[in-house]
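Asks: Okay, so here is entry_1.txt, and as you'll see once you scroll down, it has compact mmCIF, N, CA and C atoms.
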# COMPACT_ATOMS: atom_id res chain seq x y z
N MET A 19 210.12 -11.85 -13.28
CA MET A 19 208.68 -11.73 -13.14
C MET A 19 208.28 -10.29 -13.40
N SER A 20 207.19 -10.13 -14.12
CA SER A 20 206.71 -8.80 -14.48
C SER A 20 206.02 -8.14 -13.30
N GLN A 21 206.26 -6.85 -13.17
CA GLN A 21 205.57 -6.07 -12.15
C GLN A 21 204.40 -5.37 -12.84
N ALA A 22 203.19 -5.60 -12.36
CA ALA A 22 202.01 -5.01 -12.98
C ALA A 22 202.06 -3.49 -12.86
N PRO A 23 201.61 -2.78 -13.90
CA PRO A 23 201.57 -1.32 -13.82
C PRO A 23 200.70 -0.85 -12.67
N HIS A 24 201.15 0.18 -11.99
CA HIS A 24 200.39 0.80 -10.92
C HIS A 24 200.86 2.23 -10.75
N THR A 25 200.15 2.98 -10.00
CA THR A 25 200.53 4.36 -9.76
C THR A 25 201.67 4.39 -8.75
N ALA A 26 202.71 5.10 -9.08
CA ALA A 26 203.87 5.22 -8.21
C ALA A 26 204.27 6.69 -8.14
N PRO A 27 204.93 7.08 -7.07
CA PRO A 27 205.40 8.47 -6.99
C PRO A 27 206.30 8.80 -8.17
N ALA A 28 206.23 10.00 -8.67
CA ALA A 28 207.04 10.41 -9.82
C ALA A 28 208.52 10.28 -9.53
N THR A 29 208.93 10.28 -8.27
CA THR A 29 210.34 10.18 -7.93
C THR A 29 210.83 8.74 -7.90
N ALA A 30 209.92 7.78 -7.96
CA ALA A 30 210.31 6.37 -7.95
C ALA A 30 210.94 6.02 -9.29
N GLY A 31 211.71 4.93 -9.29
CA GLY A 31 212.31 4.47 -10.53
C GLY A 31 211.26 3.95 -11.48
N PRO A 32 211.67 3.66 -12.72
CA PRO A 32 210.68 3.18 -13.69
C PRO A 32 210.13 1.81 -13.31
N ILE A 33 208.90 1.56 -13.70
CA ILE A 33 208.26 0.26 -13.50
C ILE A 33 208.55 -0.55 -14.75
N GLU A 34 209.19 -1.70 -14.58
CA GLU A 34 209.50 -2.56 -15.72
C GLU A 34 208.25 -3.29 -16.18
N ILE A 35 208.03 -3.26 -17.49
CA ILE A 35 206.88 -3.94 -18.07
C ILE A 35 207.35 -4.95 -19.11
N THR A 36 206.47 -5.87 -19.47
CA THR A 36 206.76 -6.89 -20.47
C THR A 36 205.68 -6.84 -21.55
N ALA A 37 205.80 -7.70 -22.54
CA ALA A 37 204.81 -7.77 -23.61
C ALA A 37 203.42 -8.10 -23.07
N ALA A 38 203.35 -8.81 -21.95
CA ALA A 38 202.06 -9.15 -21.33
C ALA A 38 201.33 -7.91 -20.82
N ASP A 39 202.05 -6.82 -20.59
CA ASP A 39 201.45 -5.58 -20.09
C ASP A 39 200.94 -4.67 -21.21
N LEU A 40 201.14 -5.07 -22.46
CA LEU A 40 200.73 -4.25 -23.60
C LEU A 40 199.33 -4.62 -24.04
N PRO A 41 198.49 -3.71 -24.49
CA PRO A 41 198.79 -2.28 -24.59
C PRO A 41 198.89 -1.66 -23.20
N LEU A 42 199.83 -0.79 -23.06
CA LEU A 42 200.13 -0.17 -21.77
C LEU A 42 199.13 0.92 -21.44
N HIS A 43 198.63 0.87 -20.21
CA HIS A 43 197.73 1.93 -19.75
C HIS A 43 198.00 2.19 -18.27
N CYS A 44 197.63 3.38 -17.86
CA CYS A 44 197.76 3.79 -16.47
C CYS A 44 196.45 4.44 -16.09
N PRO A 45 195.90 4.19 -14.92
CA PRO A 45 196.42 3.30 -13.89
C PRO A 45 196.18 1.84 -14.23
N GLY A 46 196.98 0.99 -13.59
CA GLY A 46 196.87 -0.44 -13.80
C GLY A 46 195.84 -1.06 -12.87
N SER A 47 195.69 -2.35 -12.99
CA SER A 47 194.66 -3.05 -12.21
C SER A 47 194.95 -3.08 -10.72
N ARG A 48 196.18 -2.87 -10.32
CA ARG A 48 196.53 -2.91 -8.89
C ARG A 48 196.49 -1.54 -8.22
N THR A 49 196.10 -0.52 -8.94
CA THR A 49 196.06 0.83 -8.38
C THR A 49 194.90 0.94 -7.39
N PRO A 50 195.18 1.40 -6.17
CA PRO A 50 194.09 1.58 -5.20
C PRO A 50 193.09 2.62 -5.72
N ALA A 51 191.81 2.42 -5.44
CA ALA A 51 190.77 3.31 -5.94
C ALA A 51 191.00 4.76 -5.52
N TRP A 52 191.53 5.00 -4.32
CA TRP A 52 191.71 6.37 -3.84
C TRP A 52 192.77 7.13 -4.63
N SER A 53 193.69 6.43 -5.30
CA SER A 53 194.74 7.14 -6.02
C SER A 53 194.58 7.02 -7.54
N SER A 54 193.39 6.62 -7.97
CA SER A 54 193.15 6.40 -9.38
C SER A 54 192.94 7.72 -10.13
N HIS A 55 193.12 7.65 -11.42
CA HIS A 55 192.83 8.78 -12.31
C HIS A 55 192.23 8.19 -13.58
N PRO A 56 191.73 8.99 -14.50
CA PRO A 56 191.16 8.44 -15.72
C PRO A 56 192.18 7.56 -16.45
N ARG A 57 191.71 6.45 -17.02
CA ARG A 57 192.62 5.55 -17.73
C ARG A 57 193.13 6.24 -18.98
N VAL A 58 194.44 6.15 -19.16
CA VAL A 58 195.08 6.72 -20.34
C VAL A 58 196.01 5.65 -20.91
N PHE A 59 195.92 5.44 -22.22
CA PHE A 59 196.81 4.49 -22.88
C PHE A 59 198.09 5.23 -23.24
N LEU A 60 199.21 4.58 -23.02
CA LEU A 60 200.52 5.22 -23.18
C LEU A 60 201.27 4.63 -24.36
N ARG A 61 201.92 5.48 -25.11
CA ARG A 61 202.74 5.05 -26.25
C ARG A 61 204.20 5.00 -25.81
N LEU A 62 204.82 3.87 -26.02
CA LEU A 62 206.23 3.70 -25.66
C LEU A 62 207.12 4.37 -26.70
N GLN A 63 208.12 5.10 -26.23
CA GLN A 63 209.10 5.75 -27.10
C GLN A 63 210.40 4.96 -27.01
N GLU A 64 210.85 4.45 -28.14
CA GLU A 64 212.05 3.61 -28.16
C GLU A 64 213.33 4.42 -28.08
N ASN A 65 214.33 3.84 -27.39
CA ASN A 65 215.67 4.40 -27.31
C ASN A 65 216.61 3.30 -27.82
N ALA A 66 217.04 3.42 -29.07
CA ALA A 66 217.86 2.38 -29.69
C ALA A 66 219.20 2.21 -28.99
N ALA A 67 219.74 3.28 -28.43
CA ALA A 67 221.04 3.21 -27.77
C ALA A 67 221.03 2.34 -26.52
N THR A 68 219.92 2.37 -25.78
CA THR A 68 219.84 1.60 -24.53
C THR A 68 218.99 0.35 -24.66
N HIS A 69 218.40 0.12 -25.85
CA HIS A 69 217.52 -1.04 -26.09
C HIS A 69 216.37 -1.08 -25.11
N THR A 70 215.80 0.09 -24.85
CA THR A 70 214.63 0.20 -23.97
C THR A 70 213.59 1.08 -24.65
N ALA A 71 212.41 1.06 -24.09
CA ALA A 71 211.34 1.98 -24.51
C ALA A 71 210.67 2.46 -23.23
N GLN A 72 210.30 3.74 -23.19
CA GLN A 72 209.70 4.31 -21.99
C GLN A 72 208.44 5.09 -22.32
N ALA A 73 207.59 5.20 -21.30
CA ALA A 73 206.39 6.03 -21.37
C ALA A 73 206.16 6.61 -19.99
N LYS A 74 205.68 7.85 -19.95
CA LYS A 74 205.40 8.52 -18.68
C LYS A 74 203.94 8.93 -18.66
N CYS A 75 203.25 8.59 -17.57
CA CYS A 75 201.85 8.94 -17.43
C CYS A 75 201.70 10.45 -17.24
N PRO A 76 200.86 11.10 -18.05
CA PRO A 76 200.68 12.54 -17.91
C PRO A 76 199.89 12.94 -16.65
N TYR A 77 199.17 11.99 -16.05
CA TYR A 77 198.39 12.29 -14.86
C TYR A 77 199.22 12.18 -13.58
N CYS A 78 199.87 11.04 -13.40
CA CYS A 78 200.54 10.78 -12.11
C CYS A 78 202.07 10.78 -12.20
N GLY A 79 202.62 10.82 -13.41
CA GLY A 79 204.06 10.87 -13.56
C GLY A 79 204.75 9.52 -13.47
N THR A 80 203.99 8.43 -13.37
CA THR A 80 204.60 7.11 -13.31
C THR A 80 205.36 6.85 -14.60
N LEU A 81 206.60 6.36 -14.46
CA LEU A 81 207.44 6.06 -15.60
C LEU A 81 207.47 4.55 -15.80
N TYR A 82 207.19 4.11 -17.02
CA TYR A 82 207.19 2.70 -17.38
C TYR A 82 208.35 2.45 -18.34
N GLU A 83 208.99 1.28 -18.20
CA GLU A 83 210.12 0.96 -19.06
C GLU A 83 210.01 -0.47 -19.56
N TYR A 84 210.20 -0.63 -20.85
CA TYR A 84 210.19 -1.93 -21.52
C TYR A 84 211.60 -2.18 -22.00
N ARG A 85 212.16 -3.34 -21.68
CA ARG A 85 213.52 -3.67 -22.11
C ARG A 85 213.47 -4.68 -23.25
N GLY A 86 214.28 -4.45 -24.26
CA GLY A 86 214.33 -5.35 -25.40
C GLY A 86 213.52 -4.80 -26.57
N ALA A 87 213.43 -5.64 -27.62
CA ALA A 87 212.71 -5.23 -28.82
C ALA A 87 211.21 -5.29 -28.57
N LEU A 88 210.50 -4.25 -29.00
CA LEU A 88 209.05 -4.22 -28.86
C LEU A 88 208.40 -5.20 -29.83
N PRO A 89 207.27 -5.77 -29.45
CA PRO A 89 206.53 -6.62 -30.39
C PRO A 89 206.17 -5.82 -31.63
N GLY A 90 206.05 -6.47 -32.77
CA GLY A 90 205.84 -5.81 -34.06
C GLY A 90 204.62 -4.92 -34.15
N ALA A 91 203.54 -5.24 -33.47
CA ALA A 91 202.31 -4.48 -33.63
C ALA A 91 202.25 -3.23 -32.79
N HIS A 92 203.24 -2.99 -31.95
CA HIS A 92 203.16 -1.84 -31.06
C HIS A 92 203.74 -0.62 -31.71
How would this structure read if it were set down as structure tokens?

Replies:
Amino acid sequence: MSQAPHTAPATAGPIEITAADLPLHCPGSRTPAWSSHPRVFLRLQENAATHTAQAKCPYCGTLYEYRGALPGAH
């Protein structure tokens, strides 16, 4: 099951995302209003060696990780 993007402490592990979470943006819909920041769309950077793609929010430091091949349009 996919975990919806949300603001997490920078020290927390990556939040796993799926194709349903694309286009990826932070903060997500579950972010409490008190910890929100301006919405920023994030570009996933692929790592062919680990078959993952990651993006880090420049505002809150939340790390997002996508496992597997990215959809063609991303």

Asks: Let me make sure I understand: among A:Pro32, A:Gly79, A:Arg85, A:Val58, which one has the smallest atom-to-atom distance to A:Pro45 if we use only C-alpha atoms?

Replies: A:Val58

Asks: Rounded to one decimal, what separation in Å do you get between atom CA of A:Trp52 and atom N of A:Ala37?

Replies: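 Separating atom CA of A:Trp52 from atom N of A:Ala37 is a distance of 27.3 Å.
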
Asks: Which residue is closest to A:His69? Choose from A:Ala87, A:Ile33, A:Leu42, A:Ala51 and count only C-alpha atoms.

Replies: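 Among the listed residues, the smallest separation from A:His69 belongs to A:Ala87.
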
Asks: Using all atoms listed in the file, which residues sit within 6 Å of A:Ala71 once same-chain residues fewer than 5 positions away are excluded, as a count of residues only?

Replies: 9

Asks: Do you have the atom C of A:Lys74-atom CA of A:Leu60 distance handy?

Replies: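 Between these atoms lies a distance of 6.8 Å.
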
Asks: When you draw a straight line from atom CA of A:Ile35 to atom CA of A:Pro76, how long is it in Å?

Replies: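 Spanning atom CA of A:Ile35 to atom CA of A:Pro76 is a straight-line distance of 17.6 Å.
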
Asks: Using only C-alpha atoms, which residue out of A:Phe59, A:Ala73, A:Gly31, A:Leu81 lies closest to A:Cys44?

Replies: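 Looking only at the distances to A:Cys44, the closest residue turns out to be A:Phe59.
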
Asks: Mind listing the helix (DSSP H, G or I) residues of stretch 23-83 of chain A, per DSSP on the backbone, as a PyMOL selection string?

Replies: chain A and resi 37-39+51-53

Asks: Report the residues of stretch 19-89 of chain A whose backbone DSSP state falls under strand (DSSP E), written as a ChimeraX atom specification.

Replies: /A:33-35,43-44,58-59,63-65,70-74,81-85
